[in-house]
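Below: the structure, in structure tokens.
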Amino acid sequence: MKRLALTTALAASLAAAQPAAAQDAYVVGLSGALTGPAAATYAPVIEAMRAYVDHVNSKGGVNGKPIRLVVADNQGEPSKAAADAKKLIAQDKVLILINSSLSSTYAPMIAESKRAGVPLFYAGAVCPKETYPPADPLQFCSTAFGAQYDSQMAMGFVKSNSKEAPRVGYSAMAIPISRGEIDYAEGLAKQMGMTPVDKQVIPPPTPDYTPFATKLKDANPNWVYSWAPWVTQVRTLEALRRLGWKGNYIAYAHIQSEDELERLKDGDLYVFGTNAFFKDDLPVHAEIRAATHRAKLNYPTTQLTEGFIAGLVLEAALKGASWPPTPQKVLASMNNLKVDTKGLRGGPIEWTKTNHFRTKQYYRVYRWDPSKNGIVQVKDWTAIDV
Amino acid sequence: MQLAVNILVLASIYALIGCGYVLIYRTSRVLNLAHGELMMVAAYLLLTTASLFSGHPLTAFVASALLGLVVGVAVYVVLMRKMTGERVLAAVLATVALGILLRGIVVLIWSAQQQYPGQALGWPNPALELPGGGRISVAAATLVLTTAAVYASLFAFLRYTRWGIRMRAAGQNPLLAAQRGIRLHGVYALAWGLSTFTGGLAGRLIALDSGLEQTMVVIGLKALPAALVGGLDSLVGAIVGALIVAGAEVLLIHYVNPLLADVVPFLVLIAMLMVRPWGLFGTREELDRV
């Protein structure tokens with residue numbers, strides 16, 4: 001009798017260890033930097049995606065089935081991302097792997113994705129070139145910023161908005177993706193007839209940005225362009241202002257930028273990005289507010305657009321995979337996808353077999369207007385062909 | 001002039017953080033690898049006190065500083081006290097585990113997003129024009145003055161007060177000190193409290209100057225080479241080490257390559273280890289014990 005009870009208990013515990021009702025849901029696995037030094041950039045995206053998935057499930061799910069989002073925290077570390085990807089594929093049998101983390105975590109996840117033939121979707125993580133045409137068959141990206149296209153937009157804006165010949169200073173974080181982009185922008189500026197005057201590549205954990213800003217200021221730029229995580233962009237600007245520099249500063253509009261424009265109240269700071277600000281007050285913004293309010297998220301609503309867009313894309317990708325789903329069905333759906341972003345972007349996100357980024361990249365430019373005491377649009381949606 | 005100001009500010013940051021490493025090491029021979037995390041927690045406490053004492057920034061600052069002291073003492077009482085009598089390596093590993101735990105707790109309580117305690121306190125941070133053309137922010141100037149005040153107070157405390165003399169005695173010969181009636185646990189708890197208090201001051205002032213997020217942990221670690229260069233059991237060494245490391249860092253950023261900023265502290269440290277492994281002002285016999 002005792003043995004029977006033990007066997008029953010063991011069987012019950014083994015059953016509990018199985019992925020919970022995997023066959024009754026679209027199972028999606030995410031490995032992201034929920035904690036760690038890079039968490040400020042990625043955690044809000046992950047939380048917003050989670051809220052979006054809850055929102056979809058509360059309305060009946062996709063094709064009548066719920067989405068189960070399995071989230072693992074890789075802290076921005078490649079070894080943890082590798083372990084997450086293995087576990088998500090082997091144990092949770094996910095249909096899609098999602099990466100919301102630093103680019104250093106890509107390689108191990110790509111390897112696992114290729115081994116298992118499971119699509120890899122970058123959400124809130126910088127789009128690698130492999131998603132641009134001709135795209136890698138398994139890698140997809142909905143993230144707002146795109147290397148090279150961003151600098152084309154920024155340098156074009158600097159050139160067309162300069163009253164005098166642009167002397168451009170650059171600020172990057174000492175990580176490959178940021179350095180590469182700033183090098184590209186420097187070359188682009190020369191091609192466009194502008195003068196690059198100095199470039200500061202700043203290590204991520206820097207206690208004081210003033211020594212870097214001092215050198216930048218000494219080069220006497222009238223514009224400074226920064227394409228880096230927000231912390232580097234904003235701290236370089238603040239250090240420059242403390243040193244008395246009065247030029248124009250253009251930076252990428254990361255998820256924090258709307259709140260930051262309001263905090264800094266700097267009329268000469270321009271941010272360009274692909275997501276509409278909440279100050280535009282679109283109907284979809286009310287939807288995001290409601291969903292995040294229900295989920296009781298710990299982050300300001302203004303930081304959740306990117307995760308919401310990733311949720312829209314995920315929902316559309318799963319909708320195209322009829323029940324019972326397989327990674328191959330989801331892949332086929334992702335290769336022929338058009339997602340209406342409801343005004344959050346300048347146009348739809350379109351993926352084809354050869355383009356897993358988007359066919360057009362749309363940008364808006366915002367700044368703080370001291371005379372209006374508020375954020376204003378400086379330039380409406382501008383499209384760049386991909 | 002601006003270069004001199006930059007060196008002074010960076011050296012003050014390293015020195016203020018570094019004295020926390022020194023205080024614990026010279027008293028108990030434990031290298032506290034959770035110092036960066038404790039500094040970060042103390043800085044985050046300022047956010048909590050800022051909301052508790054809304055409209056009273058000075059009260060909020062003082063309350064968070066005192067809380068930092070309490071956190072340091074609590075870490076000793078709850079965790080490090082149990083490590084007494086164990087190998088030093090076990091105690092160091094315990095601090096590593098503590099650091100990981102604290103990083104998780106910070107995200108759970110305050111989230112991972114960038115925070116601005118200065119904004120929460122309503123403290124503006126304008127730049128001050130210095131004679132000679134240099135500029136410094138109010139928070140950075142406060143940090144320099146605070147570092148000077150902390151070191152002056154610590155020298156006086158260790159030389160002239162009863163508890164300070166007890167701390168020195170416990171550091172020099174714990175067995176003899178215990179036999180003379182000094183309560184070692186009390187002394188060690190005080191060292192942990194003071195270490196977190198001073199590290200927390202650095203964390204808060206850095207946060208007031210440029211914001212607060214999780215990379216503060218790494219800033220805490222960057223100050224360790226400065227303390228090691230000066231000698232891990234010497235407060236004077238921590239100041240000199242901080243000046244050397246900060247000077248090398250700022251000058252190389254300006255004249256050679258900004259990318260060197262990350263490696264300079266460790267290059268200086270390696271050079272020092274090759275020439276004088278116990279540091280400029282460290283005690284040679286202490287190294288043998290390590």
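Every chain in the structure tokens takes a letter, A first, then B, and so on in the order presented; its residues are numbered from 1, and the ligands are numbered from 1 following the presented order.
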| field | Surrounding residues of Glu37 in chain B excluding itself and chain neighbours under 2 positions, 8 Å, only C-alpha atoms, as a PyMOL selection string | value | chain B and resi 34-35+39-41+99+102-103+216-217+220
Write the residues of the preceding selection, restricted to N, CA and C atoms, as a short mmCIF file (atom, residue, chain, number, x, y, z; two decimals), in the first residue's frame.
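That gives us out_10.cif:
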data_model
loop_
_atom_site.label_atom_id
_atom_site.label_comp_id
_atom_site.auth_asym_id
_atom_site.auth_seq_id
_atom_site.Cartn_x
_atom_site.Cartn_y
_atom_site.Cartn_z
N ALA B 34 30.94 42.61 -2.19
CA ALA B 34 29.57 43.12 -2.34
C ALA B 34 29.53 44.63 -2.05
N HIS B 35 30.69 45.26 -1.99
CA HIS B 35 30.70 46.69 -1.63
C HIS B 35 29.94 47.53 -2.66
N MET B 39 26.70 49.73 -1.82
CA MET B 39 26.69 51.15 -2.19
C MET B 39 25.44 51.47 -3.00
N MET B 40 25.09 50.57 -3.91
CA MET B 40 23.90 50.77 -4.74
C MET B 40 22.63 50.74 -3.89
N VAL B 41 22.54 49.78 -2.99
CA VAL B 41 21.36 49.68 -2.12
C VAL B 41 21.21 50.97 -1.30
N GLY B 99 26.20 39.87 -2.89
CA GLY B 99 26.08 40.83 -4.00
C GLY B 99 25.01 40.41 -4.99
N LEU B 102 21.60 40.98 -3.49
CA LEU B 102 21.22 42.40 -3.42
C LEU B 102 20.81 42.95 -4.77
N ARG B 103 21.50 42.49 -5.84
CA ARG B 103 21.13 42.96 -7.18
C ARG B 103 19.69 42.57 -7.51
N MET B 216 25.84 50.89 -11.29
CA MET B 216 26.59 51.42 -10.14
C MET B 216 27.44 50.32 -9.48
N VAL B 217 26.98 49.10 -9.58
CA VAL B 217 27.73 47.98 -9.02
C VAL B 217 29.14 47.93 -9.63
N GLY B 220 31.45 50.48 -8.32
CA GLY B 220 32.00 50.04 -7.03
C GLY B 220 33.22 49.16 -7.23
#
May I ask you to extract the residues of chain A within 7 Å of chain B, using only C-alpha atoms, and to give them as a short mmCIF file (atom, residue, chain, number, x, y, z; two decimals) with C-alpha atoms, in the first residue's frame?
data_model
loop_
_atom_site.label_atom_id
_atom_site.label_comp_id
_atom_site.auth_asym_id
_atom_site.auth_seq_id
_atom_site.Cartn_x
_atom_site.Cartn_y
_atom_site.Cartn_z
CA THR A 35 17.81 42.00 -14.36
CA GLY A 36 21.46 42.96 -14.70
CA PRO A 37 23.12 46.15 -15.92
CA ALA A 39 17.74 45.65 -17.56
CA ALA A 40 16.60 49.29 -17.77
CA ALA A 43 12.78 44.74 -18.75
CA GLN A 200 34.19 59.48 -27.86
CA VAL A 201 33.69 55.77 -27.25
CA ILE A 202 32.70 55.52 -23.61
CA PRO A 203 32.89 52.34 -21.51
CA PRO A 205 30.23 51.57 -16.33
CA THR A 206 31.60 55.10 -16.16
CA PRO A 207 31.35 56.98 -12.86
CA ASP A 208 31.90 60.39 -14.45
CA THR A 210 32.94 64.74 -17.74
CA PRO A 211 36.42 63.63 -18.91
CA PHE A 212 34.89 62.34 -22.17
CA LYS A 215 37.49 66.24 -24.95
CA ARG A 235 24.91 61.35 -19.56
CA ARG A 242 27.63 71.23 -17.32
CA LEU A 243 30.80 72.17 -19.17
CA ASN A 298 6.25 48.67 -12.43
#
| said: Between CA of Thr105 in chain A and CA of Leu314 in chain A, what is the distance in Å, rounded to a tenth? | reply: 20.7 Å
| Running DSSP on the backbone, which parts of range 92-121 of chain A land in strand (DSSP E), as a PyMOL selection string? | chain A and resi 96-100+120-121
Just write the chosen residues, C-alpha atoms, as a PDB file, in the first residue's frame.
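Written file, selection_32.pdb:
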ATOM      1  CA  ILE A  96       9.283  30.699 -31.247  1.00  0.00           C
ATOM      2  CA  LEU A  97      12.347  31.828 -29.333  1.00  0.00           C
ATOM      3  CA  ILE A  98      12.353  35.512 -28.408  1.00  0.00           C
ATOM      4  CA  ASN A  99      15.464  37.488 -27.533  1.00  0.00           C
ATOM      5  CA  SER A 100      15.135  40.720 -25.535  1.00  0.00           C
ATOM      6  CA  LEU A 120      14.227  33.461 -33.433  1.00  0.00           C
ATOM      7  CA  PHE A 121      12.423  36.777 -32.939  1.00  0.00           C
TER       8      PHE A 121
END
| said: To test your reading of the structure, identify every residue in range 107-138 of chain B that backbone DSSP assigns to alpha helix (DSSP H), and report it as a ChimeraX atom specification. | reply: /B:107-110,117-121,138
| Selection: 10 Å around Leu232 in chain B, only C-alpha atoms, excl. self and same-chain fewer than 2 positions, as a ChimeraX atom specification | /B:18-19,21-26,29,31,224-230,234-235,237-238,241,278-283,286-287
Just the selected residues (C-alpha atoms), exported as a CSV table (one decimal), in the first residue's frame, please.
chain,number,residue,atom,x,y,z
B,18,GLY,CA,37.7,52.7,-1.7
B,19,CYS,CA,37.7,53.6,2.0
B,21,TYR,CA,37.1,48.3,1.2
B,22,VAL,CA,39.9,49.4,3.4
B,23,LEU,CA,37.8,49.7,6.6
B,24,ILE,CA,36.6,46.2,6.4
B,25,TYR,CA,39.8,44.7,5.2
B,26,ARG,CA,42.1,46.3,7.8
B,29,ARG,CA,40.9,40.8,6.6
B,31,LEU,CA,37.7,41.6,1.0
B,224,LEU,CA,38.9,48.4,-6.0
B,225,PRO,CA,42.1,48.8,-8.0
B,226,ALA,CA,42.6,52.3,-6.5
B,227,ALA,CA,42.4,50.8,-3.0
B,228,LEU,CA,44.7,47.9,-4.0
B,229,VAL,CA,47.3,50.3,-5.5
B,230,GLY,CA,47.4,52.3,-2.3
B,234,SER,CA,45.8,51.9,4.4
B,235,LEU,CA,43.4,54.8,4.3
B,237,GLY,CA,47.0,54.6,0.5
B,238,ALA,CA,43.3,54.7,-0.7
B,241,GLY,CA,45.8,55.1,-5.1
B,278,TRP,CA,51.3,45.0,-1.0
B,279,GLY,CA,50.6,48.5,-2.5
B,280,LEU,CA,52.2,51.8,-1.9
B,281,PHE,CA,51.2,52.2,1.8
B,282,GLY,CA,50.1,48.6,2.5
B,283,THR,CA,51.8,46.4,5.1
B,286,GLU,CA,49.4,41.6,5.6
B,287,LEU,CA,50.0,40.3,2.2
| Can you list, as a VMD selection string, every protein, DNA or RNA residue that comes within 9 Å of Gly124 in chain A when you count only C-alpha atoms, leaving out same-chain residues fewer than 4 positions away? | chain A and resid 41 to 42 45 to 46 99 to 101 141 to 145 306 to 307 310
Any chance you can output those residues with N, CA and C atoms as a tab-separated table (two decimals), in the first residue's frame?
chain	number	residue	atom	x	y	z
A	41	THR	N	16.80	48.85	-20.16
A	41	THR	CA	16.38	48.93	-21.55
A	41	THR	C	15.41	47.80	-21.91
A	42	TYR	N	15.65	46.62	-21.35
A	42	TYR	CA	14.92	45.44	-21.83
A	42	TYR	C	13.73	45.02	-20.94
A	45	VAL	N	10.26	46.22	-21.95
A	45	VAL	CA	9.78	45.57	-23.18
A	45	VAL	C	9.18	44.20	-22.83
A	46	ILE	N	9.91	43.46	-22.01
A	46	ILE	CA	9.46	42.11	-21.64
A	46	ILE	C	8.14	42.18	-20.86
A	99	ASN	N	14.32	36.90	-28.23
A	99	ASN	CA	15.46	37.49	-27.53
A	99	ASN	C	15.17	38.95	-27.23
A	100	SER	N	15.25	39.31	-25.94
A	100	SER	CA	15.13	40.72	-25.54
A	100	SER	C	16.33	41.00	-24.64
A	101	SER	N	17.48	41.13	-25.26
A	101	SER	CA	18.69	41.26	-24.45
A	101	SER	C	19.82	41.86	-25.28
A	141	CYS	N	12.87	40.44	-36.74
A	141	CYS	CA	13.03	41.54	-35.78
A	141	CYS	C	11.94	42.59	-35.92
A	142	SER	N	11.38	43.00	-34.77
A	142	SER	CA	10.38	44.08	-34.78
A	142	SER	C	10.91	45.32	-34.07
A	143	THR	N	12.10	45.26	-33.53
A	143	THR	CA	12.63	46.37	-32.73
A	143	THR	C	12.71	47.66	-33.53
A	144	ALA	N	12.47	48.76	-32.82
A	144	ALA	CA	12.39	50.05	-33.49
A	144	ALA	C	13.68	50.44	-34.20
A	145	PHE	N	14.78	50.39	-33.47
A	145	PHE	CA	15.99	50.95	-34.08
A	145	PHE	C	16.66	49.97	-35.03
A	306	GLU	N	7.24	49.71	-27.20
A	306	GLU	CA	8.06	48.72	-27.92
A	306	GLU	C	7.59	47.29	-27.63
A	307	GLY	N	7.32	47.02	-26.36
A	307	GLY	CA	6.85	45.68	-25.98
A	307	GLY	C	5.46	45.40	-26.53
A	310	ALA	N	5.83	44.48	-30.14
A	310	ALA	CA	6.32	43.09	-30.24
A	310	ALA	C	5.17	42.12	-29.99
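Take the candidates A:Ile288, A:Pro283, A:Val118, A:Val71 and check each one against Val330 in chain A using only C-alpha atoms; the shortest distance goes to A:Val118.
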| message | Could you check the closest approach to Ala94 in chain B for each of B:Leu52, B:Leu38, B:Leu33, B:Leu154 and tell me which residue wins, using only C-alpha atoms? | response | B:Leu33
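Distance-wise, CA of Leu158 in chain B and CA of Val240 in chain B end up 18.7 Å apart.
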| request: Determine, counting only C-alpha atoms, which protein, DNA and RNA residues have an atom within 9 Å of an atom of range 183-188 of chain A; residues of the same chain fewer than 4 positions away are not included. Present the result as JSON, numbers by chain. | output: {"A": [148, 151, 152, 154, 155, 168, 169, 170, 178, 179, 192, 193, 194, 195, 196, 199, 225]}
Test item: residues at most 12 Å from Gly122 in chain B, only C-alpha atoms, excluding those fewer than 2 positions along its chain, as a PDB file with N, CA and C atoms, in the first residue's frame:
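Writing the result to around01.pdb gives the following:
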ATOM      1  N   ARG A 263      12.076  65.634 -18.407  1.00  0.00           N
ATOM      2  CA  ARG A 263      12.960  65.872 -17.252  1.00  0.00           C
ATOM      3  C   ARG A 263      14.032  66.916 -17.587  1.00  0.00           C
TER       4      ARG A 263
ATOM      5  N   LEU B  47      15.944  57.066  -2.617  1.00  0.00           N
ATOM      6  CA  LEU B  47      14.662  57.209  -3.316  1.00  0.00           C
ATOM      7  C   LEU B  47      13.499  56.986  -2.356  1.00  0.00           C
ATOM      8  N   ALA B  50      13.291  59.816   0.059  1.00  0.00           N
ATOM      9  CA  ALA B  50      12.810  61.021  -0.634  1.00  0.00           C
ATOM     10  C   ALA B  50      11.289  61.023  -0.718  1.00  0.00           C
ATOM     11  N   SER B  51      10.691  59.845  -0.897  1.00  0.00           N
ATOM     12  CA  SER B  51       9.224  59.826  -0.951  1.00  0.00           C
ATOM     13  C   SER B  51       8.624  59.875   0.459  1.00  0.00           C
ATOM     14  N   PHE B  53      10.000  61.501   3.088  1.00  0.00           N
ATOM     15  CA  PHE B  53      10.161  62.867   3.612  1.00  0.00           C
ATOM     16  C   PHE B  53      10.046  63.876   2.476  1.00  0.00           C
ATOM     17  N   SER B  54       8.965  63.763   1.732  1.00  0.00           N
ATOM     18  CA  SER B  54       8.763  64.643   0.585  1.00  0.00           C
ATOM     19  C   SER B  54       8.804  66.108   1.020  1.00  0.00           C
ATOM     20  N   GLY B  55       9.591  66.902   0.312  1.00  0.00           N
ATOM     21  CA  GLY B  55       9.698  68.320   0.641  1.00  0.00           C
ATOM     22  C   GLY B  55      10.775  68.628   1.662  1.00  0.00           C
ATOM     23  N   HIS B  56      11.420  67.601   2.196  1.00  0.00           N
ATOM     24  CA  HIS B  56      12.509  67.812   3.168  1.00  0.00           C
ATOM     25  C   HIS B  56      13.756  67.060   2.690  1.00  0.00           C
ATOM     26  N   PRO B  57      14.429  67.599   1.665  1.00  0.00           N
ATOM     27  CA  PRO B  57      15.540  66.857   1.047  1.00  0.00           C
ATOM     28  C   PRO B  57      16.682  66.525   2.009  1.00  0.00           C
ATOM     29  N   LEU B  58      16.994  67.460   2.891  1.00  0.00           N
ATOM     30  CA  LEU B  58      18.118  67.207   3.803  1.00  0.00           C
ATOM     31  C   LEU B  58      17.791  66.065   4.767  1.00  0.00           C
ATOM     32  N   ALA B  60      15.710  63.677   4.185  1.00  0.00           N
ATOM     33  CA  ALA B  60      15.710  62.436   3.394  1.00  0.00           C
ATOM     34  C   ALA B  60      17.138  61.937   3.201  1.00  0.00           C
ATOM     35  N   PHE B  61      18.060  62.858   2.931  1.00  0.00           N
ATOM     36  CA  PHE B  61      19.451  62.464   2.695  1.00  0.00           C
ATOM     37  C   PHE B  61      20.064  61.879   3.966  1.00  0.00           C
ATOM     38  N   TYR B 116      16.195  59.054 -10.825  1.00  0.00           N
ATOM     39  CA  TYR B 116      16.871  60.332 -10.586  1.00  0.00           C
ATOM     40  C   TYR B 116      16.517  60.841  -9.190  1.00  0.00           C
ATOM     41  N   PRO B 117      17.315  60.483  -8.193  1.00  0.00           N
ATOM     42  CA  PRO B 117      17.010  60.930  -6.832  1.00  0.00           C
ATOM     43  C   PRO B 117      17.004  62.453  -6.713  1.00  0.00           C
ATOM     44  N   GLY B 118      17.843  63.131  -7.496  1.00  0.00           N
ATOM     45  CA  GLY B 118      17.882  64.600  -7.438  1.00  0.00           C
ATOM     46  C   GLY B 118      16.530  65.190  -7.774  1.00  0.00           C
ATOM     47  N   GLN B 119      15.880  64.605  -8.767  1.00  0.00           N
ATOM     48  CA  GLN B 119      14.554  65.077  -9.177  1.00  0.00           C
ATOM     49  C   GLN B 119      13.540  64.786  -8.061  1.00  0.00           C
ATOM     50  N   ALA B 120      13.669  63.580  -7.468  1.00  0.00           N
ATOM     51  CA  ALA B 120      12.739  63.211  -6.391  1.00  0.00           C
ATOM     52  C   ALA B 120      12.897  64.145  -5.190  1.00  0.00           C
ATOM     53  N   PRO B 124      18.246  70.802  -7.584  1.00  0.00           N
ATOM     54  CA  PRO B 124      18.851  71.047  -8.890  1.00  0.00           C
ATOM     55  C   PRO B 124      20.360  70.801  -8.821  1.00  0.00           C
ATOM     56  N   ASN B 125      20.978  70.589  -9.960  1.00  0.00           N
ATOM     57  CA  ASN B 125      22.410  70.293  -9.965  1.00  0.00           C
ATOM     58  C   ASN B 125      23.115  71.199 -10.977  1.00  0.00           C
ATOM     59  N   LEU B 208      22.980  61.597  -7.473  1.00  0.00           N
ATOM     60  CA  LEU B 208      22.467  62.967  -7.562  1.00  0.00           C
ATOM     61  C   LEU B 208      23.072  63.693  -8.759  1.00  0.00           C
TER      62      LEU B 208
END
